[in-house]
Amino acid sequence: MTVRLTGVGLTHANGRRALQDVDLSVGRGERLAIIGPSGAGKTTLLRLLATSLQPGEGRLELLGAEPWHLAAGARRRLRARLGLIHQSPPLPPRQRVVAAVSAGRLGQWPLWKGLLNLVHPLDTGGVRDALARLDLADKLFERCDQLSGGQLQRVGIARVLYQQAELILADEPVSAMDPVLAGHTLGVLTREAEARGVTLLASLHAVDLALNHFPRIVGVRDGRIAFDLPAHEVTPQALDALYANEQLDQPSPASPAPAPQIVTIPRC
Ligand SMILES: Nc1ncnc2c1ncn2[C@@H]1O[C@H](COP(=O)(O)OP(=O)(O)OP(=O)(O)O)[C@@H](O)[C@H]1O
């Protein structure tokens with residue numbers, strides 16, 4: 001298994017319980033979309049898998065290791081095998097795209113090579129190839145602060161492709177793109193993952209993108225796994241239950257009581 005969570009719970013520092021009783025096993029090469037309403041715990045789950053958050057309860061295994069039982073150096077080496085795609089890639093604004101993408105391999109390089117690469121990019125050809133897959137080869141020497149939000153997201157994806165990560169964790173990777181580009185970009189990412197046998201977990205708000213691009217769908221609600229199904233078995237009823245918004249369901253005290261109504265968050 002690439003990922004195994006057993007009875008995992010996580011409470012944020014402010015006391016907010018974000019995950020509870022999460023059991024999840026993901027095999028090597030699987031592609032899985034995580035969907036669910038806002039605040040359900042999708043980002044927390046991905047941050048936990050990225051080892052930026054430590055579970056309060058339960059057991060986490062990643063790539064055959066238990067990260068929180070490893071010494072710091074071994075945990076750093078494990079992290080170098082994980083590729084993180086952020087909704088807003090944390091790229092230094094003045095950095096050139098070539099440096100931002102090549103930084104994907106910093107965790108695999110000795111310090112001297114990483115420093116040298118900052119001054120003089122060592123593998124411009126490899127970086128250009130990764131960018132070309134995202135139709136961004138012409139942005140190689142542009143500054144990150146001169147790119148649009150959607151272009152920056154594609155730079156973040158190119159960085160993880162260049163890294164050749166074994167497990168890709170993507171948090172809303174196409175949220176800043178128009179629907180056509182979002183679909184195209186997810187297609188590139190999922191095909192790359194499939195061709196390389198890489199495990200891919202992505203959180204997505206757009207349910208149609210999740211169903212079209214991922215064979216397995218995990219629905220998360222209130223910090224728990226509501227369903228874990230092959231995409232073709234996800235029913236409209238399961239989606240309605242996942243997205244039924246209890247807070248919006250409360251009638252206003254000042255208004256005459258309307259007929260009870262479940263408000264469903266629109267899914268694009
Ligand atoms: N750093 C944090 N500190 C405290 N509470 C947090 C933190 N991050 C998230 N939470 C809380 O944990 C819960 C889950 O949040 P999370 O961001 O994981 O949800 P999400 O499903 O990714 O939501 P969205 O779709 O809106 O991004 C929410 O109640 C949120 O307020």
# chains A, B, ... in the order shown; residues from 1 in each chain; ligands from 1
>>> residues_near_ligand(ligand="ligand 1", cutoff="10 Å", atoms="only C-alpha atoms and all ligand atoms", output="PyMOL selection string")
chain A and resi 10-19+34-48+53+87+171-172+203-205+220-223
>>> select_by_dssp(residues="stretch 100-198 of chain A", states="strand (DSSP E or B)", output="ChimeraX atom specification")
/A:143,167-171
>>> closest_atom_pairs(of="stretch 23-113 of chain A", to="stretch 186-195 of chain A", cutoff="12 Å", atoms="only C-alpha atoms", output="JSON lines")
{"residue": "A:Arg28", "atom": "CA", "partner": "A:Glu194", "partner_atom": "CA", "distance": 10.4}
{"residue": "A:Gly29", "atom": "CA", "partner": "A:Glu194", "partner_atom": "CA", "distance": 6.6}
{"residue": "A:Glu30", "atom": "CA", "partner": "A:Glu194", "partner_atom": "CA", "distance": 8.1}
{"residue": "A:Arg31", "atom": "CA", "partner": "A:Thr190", "partner_atom": "CA", "distance": 7.4}
{"residue": "A:Leu32", "atom": "CA", "partner": "A:Thr190", "partner_atom": "CA", "distance": 9.8}
{"residue": "A:Ala33", "atom": "CA", "partner": "A:Thr190", "partner_atom": "CA", "distance": 10.7}
{"residue": "A:Gly83", "atom": "CA", "partner": "A:Ala193", "partner_atom": "CA", "distance": 11.5}
{"residue": "A:Ile85", "atom": "CA", "partner": "A:Leu189", "partner_atom": "CA", "distance": 10.8}
>>> write_last_selection(atoms="N, CA and C atoms", output="tab-separated table (two decimals), in the first residue's frame")
chain	number	residue	atom	x	y	z
A	28	ARG	N	-0.55	1.27	-4.81
A	28	ARG	CA	0.39	1.92	-5.71
A	28	ARG	C	-0.27	2.12	-7.08
A	29	GLY	N	-0.17	3.33	-7.61
A	29	GLY	CA	-0.69	3.62	-8.94
A	29	GLY	C	-2.16	3.98	-8.97
A	30	GLU	N	-2.83	3.95	-7.82
A	30	GLU	CA	-4.26	4.33	-7.82
A	30	GLU	C	-4.42	5.84	-7.99
A	31	ARG	N	-5.55	6.23	-8.59
A	31	ARG	CA	-5.88	7.66	-8.73
A	31	ARG	C	-7.23	7.90	-8.09
A	32	LEU	N	-7.22	8.79	-7.14
A	32	LEU	CA	-8.39	8.93	-6.27
A	32	LEU	C	-8.71	10.41	-6.08
A	33	ALA	N	-10.00	10.76	-6.24
A	33	ALA	CA	-10.41	12.15	-5.98
A	33	ALA	C	-11.12	12.22	-4.65
A	83	GLY	N	5.01	14.46	-3.71
A	83	GLY	CA	4.87	15.67	-4.50
A	83	GLY	C	3.61	16.40	-4.11
A	85	ILE	N	0.94	19.45	-4.63
A	85	ILE	CA	0.43	20.49	-5.54
A	85	ILE	C	-0.56	21.33	-4.74
>>> closest_residue(among="A:Gln20, A:Thr235, A:Ser25, A:Gln151", to="A:Gly58", atoms="only C-alpha atoms")
A:Gln20
>>> closest_residue(among="A:His232, A:His120, A:His213, A:Arg133", to="A:Val98", atoms="only C-alpha atoms")
A:His120
>>> closest_residue(among="A:Leu84, A:Leu161, A:Ala65, A:Leu152", to="A:Ser102", atoms="only C-alpha atoms")
A:Leu161
>>> atom_distance(atom1="atom CA of A:Pro230", atom2="atom CA of A:Arg196")
21.2 Å
>>> select_by_dssp(residues="stretch 50-240 of chain A", states="alpha helix (DSSP H)", output="PyMOL selection string")
chain A and resi 72-79+97-102+111-119+124-133+149-163+179-196+207-213+236-240
>>> closest_residue(among="A:Gln95, A:Thr51, A:Thr185, A:Gln153", to="A:Arg75", atoms="only C-alpha atoms")
A:Thr51
>>> atom_distance(atom1="atom CA of A:Asp208", atom2="atom CA of A:Pro179")
10.3 Å
